[in-house]
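Quick look at input27.txt (compact mmCIF, C-alpha atoms):
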# COMPACT_ATOMS: atom_id res chain seq x y z
CA MET V 1 7.05 -22.65 26.90
CA SER V 2 4.27 -20.54 25.34
CA ASP V 3 4.90 -18.29 22.33
CA ALA V 4 3.75 -15.27 24.37
CA PHE V 5 6.21 -16.05 27.17
CA GLN V 6 9.02 -16.52 24.66
CA ASP V 7 8.21 -13.13 23.14
CA LEU V 8 8.65 -11.48 26.55
CA LEU V 9 11.76 -13.46 27.42
CA PHE V 10 13.64 -12.64 24.23
CA GLY V 11 12.27 -9.14 23.68
CA SER V 12 15.43 -7.07 24.01
CA LEU V 13 16.18 -6.29 20.35
CA SER V 14 15.94 -2.84 18.77
CA GLN V 15 13.02 -1.85 16.57
CA PRO V 16 14.39 0.00 13.52
CA VAL V 17 11.33 -0.52 11.28
CA GLU V 18 8.85 2.34 11.54
CA ASP V 19 5.22 1.20 11.56
CA THR V 20 4.28 4.09 9.25
CA LEU V 21 6.49 2.64 6.50
CA ALA V 22 3.68 0.24 5.54
CA ASP V 23 1.49 3.17 4.50
CA ARG V 24 3.80 4.05 1.63
CA GLU V 25 6.28 1.26 0.98
CA LEU V 26 6.79 -2.46 1.08
CA ALA V 27 10.38 -3.30 1.97
CA VAL V 28 10.70 -7.04 1.36
CA CYS V 29 13.53 -9.32 2.44
CA ALA V 30 13.52 -13.00 1.46
CA LEU V 31 16.10 -15.29 3.07
CA ASN V 32 16.70 -19.01 3.39
CA VAL V 33 17.76 -19.29 7.05
CA GLN V 34 19.12 -22.86 6.79
CA GLY V 35 17.44 -24.30 9.90
CA PRO V 36 19.34 -22.29 12.51
CA ALA V 37 20.39 -23.41 15.97
CA VAL V 38 19.58 -21.01 18.82
CA GLY V 39 22.77 -18.93 18.67
CA ARG V 40 22.58 -18.41 14.93
CA ALA V 41 18.84 -17.71 15.18
CA GLU V 42 19.54 -14.77 17.49
CA ARG V 43 22.13 -13.38 15.08
CA LEU V 44 19.72 -13.83 12.18
CA ALA V 45 16.91 -12.03 14.02
CA ASP V 46 19.21 -9.09 14.70
CA TRP V 47 20.36 -8.96 11.08
CA LEU V 48 16.80 -9.19 9.74
CA THR V 49 15.49 -6.36 11.93
CA ARG V 50 18.41 -4.16 10.88
CA THR V 51 17.49 -4.47 7.18
CA GLY V 52 14.60 -2.07 7.79
CA SER V 53 12.24 -4.51 6.04
CA ASN V 54 8.58 -4.51 6.98
CA ALA V 55 7.93 -7.81 5.16
CA LEU V 56 10.16 -10.83 5.73
CA ILE V 57 9.89 -14.13 3.85
CA LEU V 58 11.83 -16.83 5.68
CA THR V 59 12.45 -20.25 4.18
CA GLU V 60 13.95 -23.52 5.44
CA LEU V 61 12.85 -22.87 8.99
CA HIS V 62 12.78 -25.92 11.25
CA PRO V 63 10.32 -26.32 14.16
CA SER V 64 13.31 -26.62 16.47
CA ASP V 65 14.48 -24.50 19.39
CA GLY V 66 16.38 -22.32 16.91
CA GLY V 67 13.42 -21.87 14.60
CA ARG V 68 11.13 -20.98 17.50
CA ARG V 69 13.72 -18.58 18.88
CA LEU V 70 13.95 -16.75 15.55
CA ILE V 71 10.16 -16.40 15.40
CA ALA V 72 9.99 -15.29 19.05
CA ASN V 73 12.69 -12.65 18.60
CA LEU V 74 10.97 -11.19 15.55
CA ARG V 75 7.67 -11.06 17.43
CA ALA V 76 9.38 -9.34 20.32
CA THR V 77 10.54 -6.54 18.00
CA GLY V 78 7.00 -5.91 16.75
CA TYR V 79 6.68 -8.28 13.80
CA GLN V 80 3.50 -10.26 13.32
CA THR V 81 4.19 -13.76 12.02
CA VAL V 82 2.17 -15.90 9.63
CA LEU V 83 2.96 -19.61 9.88
CA PRO V 84 1.59 -22.35 7.62
CA PRO V 85 -0.74 -25.07 8.90
CA GLY V 86 1.14 -27.99 10.38
CA TRP V 87 4.42 -26.11 10.82
CA ARG V 88 5.07 -27.62 14.26
CA ASP V 89 5.22 -31.11 12.77
CA ALA V 90 6.94 -30.20 9.50
CA ARG V 91 10.49 -31.07 8.59
CA HIS V 92 10.89 -27.48 7.40
CA PHE V 93 8.54 -24.61 6.60
CA CYS V 94 8.16 -21.11 5.21
CA ALA V 95 7.06 -18.19 7.39
CA LEU V 96 6.15 -14.52 6.93
CA ALA V 97 6.95 -11.75 9.41
CA VAL V 98 5.42 -8.32 8.78
CA LYS V 99 5.32 -5.04 10.67
CA GLY V 100 3.15 -1.92 10.68
CA PHE V 101 0.13 -3.15 8.74
CA ALA V 102 -3.37 -2.29 9.91
CA GLU V 103 -4.55 -5.83 9.24
CA VAL V 104 -2.80 -9.09 8.41
CA ALA V 105 -5.21 -11.75 7.17
CA PRO V 106 -3.60 -15.20 6.77
CA THR V 107 -4.64 -17.04 3.62
CA SER V 108 -6.26 -20.45 3.79
CA LEU V 109 -3.98 -22.86 1.93
CA PRO V 110 -4.19 -26.40 0.59
CA ASP V 111 -1.62 -28.94 1.72
CA PHE V 112 1.70 -27.55 0.50
CA ASP V 113 3.73 -29.53 3.07
CA SER V 114 4.21 -26.23 4.99
CA ARG V 115 6.23 -24.89 2.07
CA VAL V 116 3.90 -21.95 1.43
CA ALA V 117 2.76 -19.13 3.72
CA ALA V 118 0.46 -16.35 2.50
CA ALA V 119 -1.43 -13.36 3.83
CA THR V 120 -3.24 -10.23 2.70
CA LEU V 121 -1.65 -7.08 4.13
CA SER V 122 -3.78 -3.96 4.60
CA SER V 123 -2.51 -0.41 5.09
CA ALA V 124 -3.27 3.14 3.97
CA ALA V 125 -1.68 2.10 0.65
CA GLY V 126 -4.36 -0.57 0.12
CA GLN V 127 -4.21 -4.35 0.16
CA ILE V 128 -1.33 -6.50 -1.04
CA GLN V 129 -1.10 -10.27 -1.16
CA LEU V 130 2.24 -11.62 0.13
CA VAL V 131 3.14 -15.23 -0.67
CA GLY V 132 6.27 -16.97 0.62
CA VAL V 133 7.50 -20.16 -1.03
CA TYR V 134 10.14 -22.75 -0.19
CA GLY V 135 10.33 -24.89 -3.31
CA PRO V 136 11.47 -28.52 -3.10
CA THR V 137 15.22 -28.86 -3.53
CA ASN V 138 16.85 -30.11 -6.68
CA GLY V 139 18.36 -33.44 -5.67
CA MET V 140 19.30 -34.18 -9.29
CA THR V 141 17.45 -37.49 -9.20
CA ASP V 142 14.34 -38.68 -11.02
CA ASP V 143 12.42 -38.89 -7.74
CA SER V 144 13.43 -35.34 -6.83
CA SER V 145 12.34 -34.12 -10.23
CA ILE V 146 8.93 -35.78 -9.86
CA ARG V 147 8.38 -34.17 -6.45
CA ARG V 148 9.41 -30.74 -7.71
CA ALA V 149 7.19 -30.97 -10.78
CA ALA V 150 4.17 -32.00 -8.67
CA PHE V 151 4.69 -29.08 -6.27
CA GLN V 152 5.16 -26.63 -9.15
CA ARG V 153 1.90 -27.75 -10.81
CA GLN V 154 -0.01 -27.53 -7.54
CA PHE V 155 1.34 -24.08 -6.70
CA LEU V 156 0.66 -22.68 -10.18
CA GLU V 157 -2.92 -23.97 -10.09
CA TRP V 158 -3.49 -22.42 -6.65
CA LEU V 159 -1.94 -19.14 -7.78
CA ARG V 160 -4.08 -18.95 -10.94
CA GLN V 161 -7.21 -19.34 -8.84
CA ASN V 162 -6.24 -17.10 -5.93
CA MET V 163 -3.80 -14.40 -6.98
CA ALA V 164 -4.82 -10.81 -6.47
CA GLY V 165 -3.98 -7.85 -8.68
CA ARG V 166 -1.38 -6.65 -6.18
CA ILE V 167 0.80 -9.58 -5.24
CA ILE V 168 4.36 -10.41 -4.27
CA VAL V 169 5.69 -13.97 -4.44
CA GLY V 170 9.11 -14.59 -2.93
CA GLY V 171 11.46 -17.02 -1.27
CA ASP V 172 13.80 -19.85 -2.14
CA LEU V 173 11.96 -21.23 -5.15
CA ASN V 174 14.83 -23.61 -5.97
CA ILE V 175 14.57 -22.74 -9.66
CA ILE V 176 16.75 -20.71 -12.00
CA GLU V 177 15.81 -18.51 -14.92
CA PRO V 178 16.23 -19.68 -18.51
CA GLY V 179 19.60 -18.49 -19.77
CA HIS V 180 21.10 -18.69 -16.27
CA ARG V 181 24.83 -18.12 -16.19
CA PRO V 182 26.64 -20.34 -15.65
CA PRO V 183 24.50 -22.97 -17.40
CA LEU V 184 23.35 -25.67 -14.96
CA PRO V 185 22.22 -28.75 -16.90
CA HIS V 186 20.87 -30.66 -13.89
CA PHE V 187 17.76 -28.46 -13.80
CA ARG V 188 14.90 -30.00 -15.79
CA ASP V 189 12.55 -28.53 -18.37
CA HIS V 190 9.72 -28.26 -15.82
CA ASP V 191 11.91 -26.06 -13.58
CA TYR V 192 12.40 -23.53 -16.38
CA ALA V 193 8.71 -23.84 -17.33
CA PHE V 194 7.73 -23.03 -13.72
CA TYR V 195 9.74 -19.80 -13.82
CA GLN V 196 8.27 -18.88 -17.21
CA ASP V 197 4.70 -19.67 -16.10
CA LEU V 198 5.09 -17.36 -13.11
CA ILE V 199 6.15 -14.58 -15.49
CA ARG V 200 3.21 -15.37 -17.81
CA LEU V 201 0.84 -14.89 -14.87
CA GLY V 202 1.92 -11.24 -14.80
CA LEU V 203 4.73 -11.37 -12.26
CA ARG V 204 8.02 -9.55 -12.77
CA ASP V 205 11.35 -10.97 -11.65
CA ALA V 206 12.23 -7.99 -9.44
CA TYR V 207 16.00 -8.52 -9.59
CA ARG V 208 16.06 -9.00 -13.35
CA PHE V 209 13.70 -6.03 -13.83
CA ALA V 210 15.88 -3.77 -11.67
CA GLN V 211 19.21 -5.15 -12.92
CA PRO V 212 18.86 -6.53 -16.46
CA GLU V 213 22.58 -7.35 -16.68
CA GLY V 214 22.99 -8.48 -13.06
CA THR V 215 25.17 -11.53 -12.42
CA ASP V 216 24.47 -12.24 -8.74
CA HIS V 217 23.94 -15.73 -7.35
CA SER V 218 22.25 -16.48 -4.05
CA TRP V 219 23.79 -19.90 -3.31
CA SER V 220 26.96 -21.67 -4.29
CA ASN V 221 28.34 -25.16 -3.92
CA PRO V 222 31.69 -26.59 -5.10
CA ILE V 223 29.90 -29.49 -6.82
CA HIS V 224 26.68 -27.89 -8.04
CA GLY V 225 28.00 -24.43 -8.91
CA ALA V 226 26.67 -20.91 -8.33
CA GLN V 227 22.89 -20.60 -8.58
CA ARG V 228 20.30 -17.80 -8.35
CA LEU V 229 17.65 -19.73 -6.44
CA ASP V 230 16.08 -16.97 -4.30
CA HIS V 231 13.58 -14.67 -5.98
CA ILE V 232 11.09 -11.87 -5.45
CA LEU V 233 8.36 -11.66 -8.09
CA VAL V 234 6.07 -8.63 -8.17
CA SER V 235 2.92 -7.86 -10.13
CA ALA V 236 2.97 -4.54 -11.98
CA GLY V 237 -0.09 -3.33 -10.05
CA THR V 238 1.67 -3.63 -6.71
CA GLY V 239 3.54 -0.36 -7.17
CA HIS V 240 6.79 1.17 -8.36
CA LEU V 241 9.79 -1.13 -7.90
CA ALA V 242 12.42 1.24 -6.54
CA SER V 243 15.22 -1.31 -6.07
CA CYS V 244 16.07 -4.98 -5.83
CA ALA V 245 19.46 -6.47 -4.94
CA TYR V 246 21.12 -9.38 -3.18
CA ASP V 247 22.94 -8.94 0.11
CA HIS V 248 25.76 -11.49 0.29
CA SER V 249 26.78 -10.62 3.85
CA THR V 250 24.49 -13.35 5.17
CA ARG V 251 26.82 -15.87 3.50
CA SER V 252 30.12 -14.12 4.19
CA ASP V 253 29.20 -13.67 7.88
CA ALA V 254 28.10 -17.33 8.16
CA LEU V 255 24.52 -16.46 9.11
CA THR V 256 23.25 -18.94 6.49
CA ASP V 257 24.40 -20.47 3.23
CA HIS V 258 22.11 -18.25 1.12
CA SER V 259 22.28 -14.58 0.20
CA ALA V 260 19.28 -12.43 1.06
CA ILE V 261 17.28 -10.72 -1.65
CA LEU V 262 15.79 -7.31 -0.80
CA ALA V 263 13.33 -5.20 -2.74
CA ARG V 264 11.68 -1.87 -2.05
CA ILE V 265 8.33 -1.07 -3.66
CA ASP V 266 6.46 2.25 -3.48
CA THR V 267 2.88 1.03 -2.94
CA ARG V 268 1.08 4.37 -2.92
CA ASN V 269 -1.65 4.59 -5.55
Please, can you express the file's structure as structure tokens?
Amino acid sequence: MSDAFQDLLFGSLSQPVEDTLADRELAVCALNVQGPAVGRAERLADWLTRTGSNALILTELHPSDGGRRLIANLRATGYQTVLPPGWRDARHFCALAVKGFAEVAPTSLPDFDSRVAAATLSSAAGQIQLVGVYGPTNGMTDDSSIRRAAFQRQFLEWLRQNMAGRIIVGGDLNIIEPGHRPPLPHFRDHDYAFYQDLIRLGLRDAYRFAQPEGTDHSWSNPIHGAQRLDHILVSAGTGHLASCAYDHSTRSDALTDHSAILARIDTRN
């Protein structure tokens, strides 16, 4: 079935996001969707459109019927999607879905194993670079640590060479900030260094900037504990960060095992 035919077939959702929003504000939602089956994909698409976000960063998508259904439903409600090279053959991938921008120019990427999706968004507010990331998971093994460290080095090098003055990086980075509470000793030094290097590049942790004393976690496991793995990082030049918070209803309503993180940024110069 073609993507265009799917868009028509599943195009019955409401469209709460005004296209004019992009001319003054970037409303970002980042969510790990946990490889949904078709039924859960439809519920996720409805929830995502109702957030009023004009920029979605979706991680842990699978190229399955459920993953394709989620993409098709978002397209049917007016979102334009940006998918990484090789996503159809990937085990999992990151995707962007944006709405209301005059131009969406996908970014040419090196081989990130479909874990990174990026595009330059153009509107009356100017151009903004949006980068979605699904970091390798922390399997608490030496092999897992080696894979994570290699990805982190590759992504930092690409970002240093390609980042624009107005940029947002978000998604399930599978890292926690130094000083995370509760302490989680199975994260390695390179995981904390990756977070700190992103900050050194001029990015702000939107949640920590908006809520310096915030204690939210975006994922929890009886064995591994509560973790703040999902992040939105914003350069100061992007605009005024009006708000940033986690929405835990995605977990409590069994849409996925992660909380969503949402930020609103006034992008007018």
Practice problem: Rank V:Gln152, V:Thr81, V:Thr238, V:Ser252 by their smallest atom-to-atom distance to Phe101 in chain V, using only C-alpha atoms, and report the top residue only. | Solution: V:Thr81
Practice problem: To one decimal in Å, tell me the separation between CA of His217 in chain V and CA of Thr267 in chain V. | Solution: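 Taking CA of His217 in chain V and CA of Thr267 in chain V, their separation equals 27.3 Å.
The environment of range 157-167 of chain V within 6 Å, counting only C-alpha atoms and disregarding residues fewer than 5 places along the same chain, consists of Ile128, Gln129, Leu130, Ser235, Gly237 and Thr238 of chain V.
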Practice problem: Would you mind telling me which residue in V:Glu25, V:Glu18, V:Asp142, V:Asp216 lies nearest to Ser259 in chain V when using all atoms listed in the file? | Solution: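 Among the listed residues, V:Asp216 lies closest to Ser259 in chain V.
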Quiz prompt | Nearest candidate to Ala254 in chain V (options V:Thr215, V:Ser108, V:Ser123, V:Gln34; using all atoms listed in the file) | solution = V:Gln34
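Between CA of Leu44 in chain V and CA of Asp205 in chain V there is a distance of 25.4 Å.
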Exercise. Report the distance between CA of Gly67 in chain V and CA of Gly35 in chain V in Å, rounded to one decimal place.
Key: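 CA of Gly35 in chain V lies at a distance of 6.6 Å from CA of Gly67 in chain V.
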Enumerate, in order of chain and increasing residue number, the residues of range 161-212 of chain V with an atom no farther than 10 Å from range 51-65 of chain V, each with its shortest atom pair and distance in Å to one decimal, counting only C-alpha atoms, as a Markdown table.
| residue | atom | partner | partner_atom | distance |
| --- | --- | --- | --- | --- |
| V:Val169 | CA | V:Ile57 | CA | 9.3 |
| V:Gly170 | CA | V:Ile57 | CA | 6.8 |
| V:Gly171 | CA | V:Ile57 | CA | 6.1 |
| V:Asp172 | CA | V:Thr59 | CA | 6.5 |
| V:Leu173 | CA | V:Thr59 | CA | 9.4 |
Quiz item: Quick one: residues within 10 Å of Asp19 in chain V, all atoms listed in the file counted, chain neighbours fewer than 6 positions away excluded, as a VMD selection string?
Solution: chain V and resid 54 78 to 79 98 to 102
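Counting all atoms listed in the file and comparing V:Ala242, V:Val133, V:Ala260, V:Ala226, the residue that lies closest to Phe112 in chain V is V:Val133.
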Practice problem: Name the closest residue to Arg40 in chain V among the candidates V:Asp266, V:Glu213, V:Asp253, V:Asp230; distances are taken between atoms, counting all atoms listed in the file. | Solution: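 Among the listed residues, V:Asp253 lies closest to Arg40 in chain V.
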Quiz item: Hey, which of V:Ala76, V:Asp89, V:Pro16, V:Gly135 ends up closest to Trp47 in chain V? Count all atoms listed in the file.
Solution: V:Pro16
Quiz item: Could you pull the residues within 12 Å of Ala193 in chain V, counting only C-alpha atoms, minus those fewer than 3 positions along the same chain, as number ranges by chain?
Solution: V: 148-149, 152-153, 156, 175-178, 187-190, 196-200
For range 209-211 of chain V: contacts at 10 Å, all atoms listed in the file, fewer than 3 positions along chain excluded, given as a short mmCIF file (atom, residue, chain, number, x, y, z; two decimals) with C-alpha atoms, in the frame of the given file:
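Result saved to selection-v4.cif:
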data_model
loop_
_atom_site.label_atom_id
_atom_site.label_comp_id
_atom_site.auth_asym_id
_atom_site.auth_seq_id
_atom_site.Cartn_x
_atom_site.Cartn_y
_atom_site.Cartn_z
CA ARG V 204 8.02 -9.55 -12.77
CA ASP V 205 11.35 -10.97 -11.65
CA ALA V 206 12.23 -7.99 -9.44
CA GLY V 214 22.99 -8.48 -13.06
CA THR V 215 25.17 -11.53 -12.42
CA ASP V 216 24.47 -12.24 -8.74
CA LEU V 233 8.36 -11.66 -8.09
CA VAL V 234 6.07 -8.63 -8.17
CA LEU V 241 9.79 -1.13 -7.90
CA ALA V 242 12.42 1.24 -6.54
CA SER V 243 15.22 -1.31 -6.07
CA CYS V 244 16.07 -4.98 -5.83
CA ALA V 245 19.46 -6.47 -4.94
CA ALA V 263 13.33 -5.20 -2.74
#
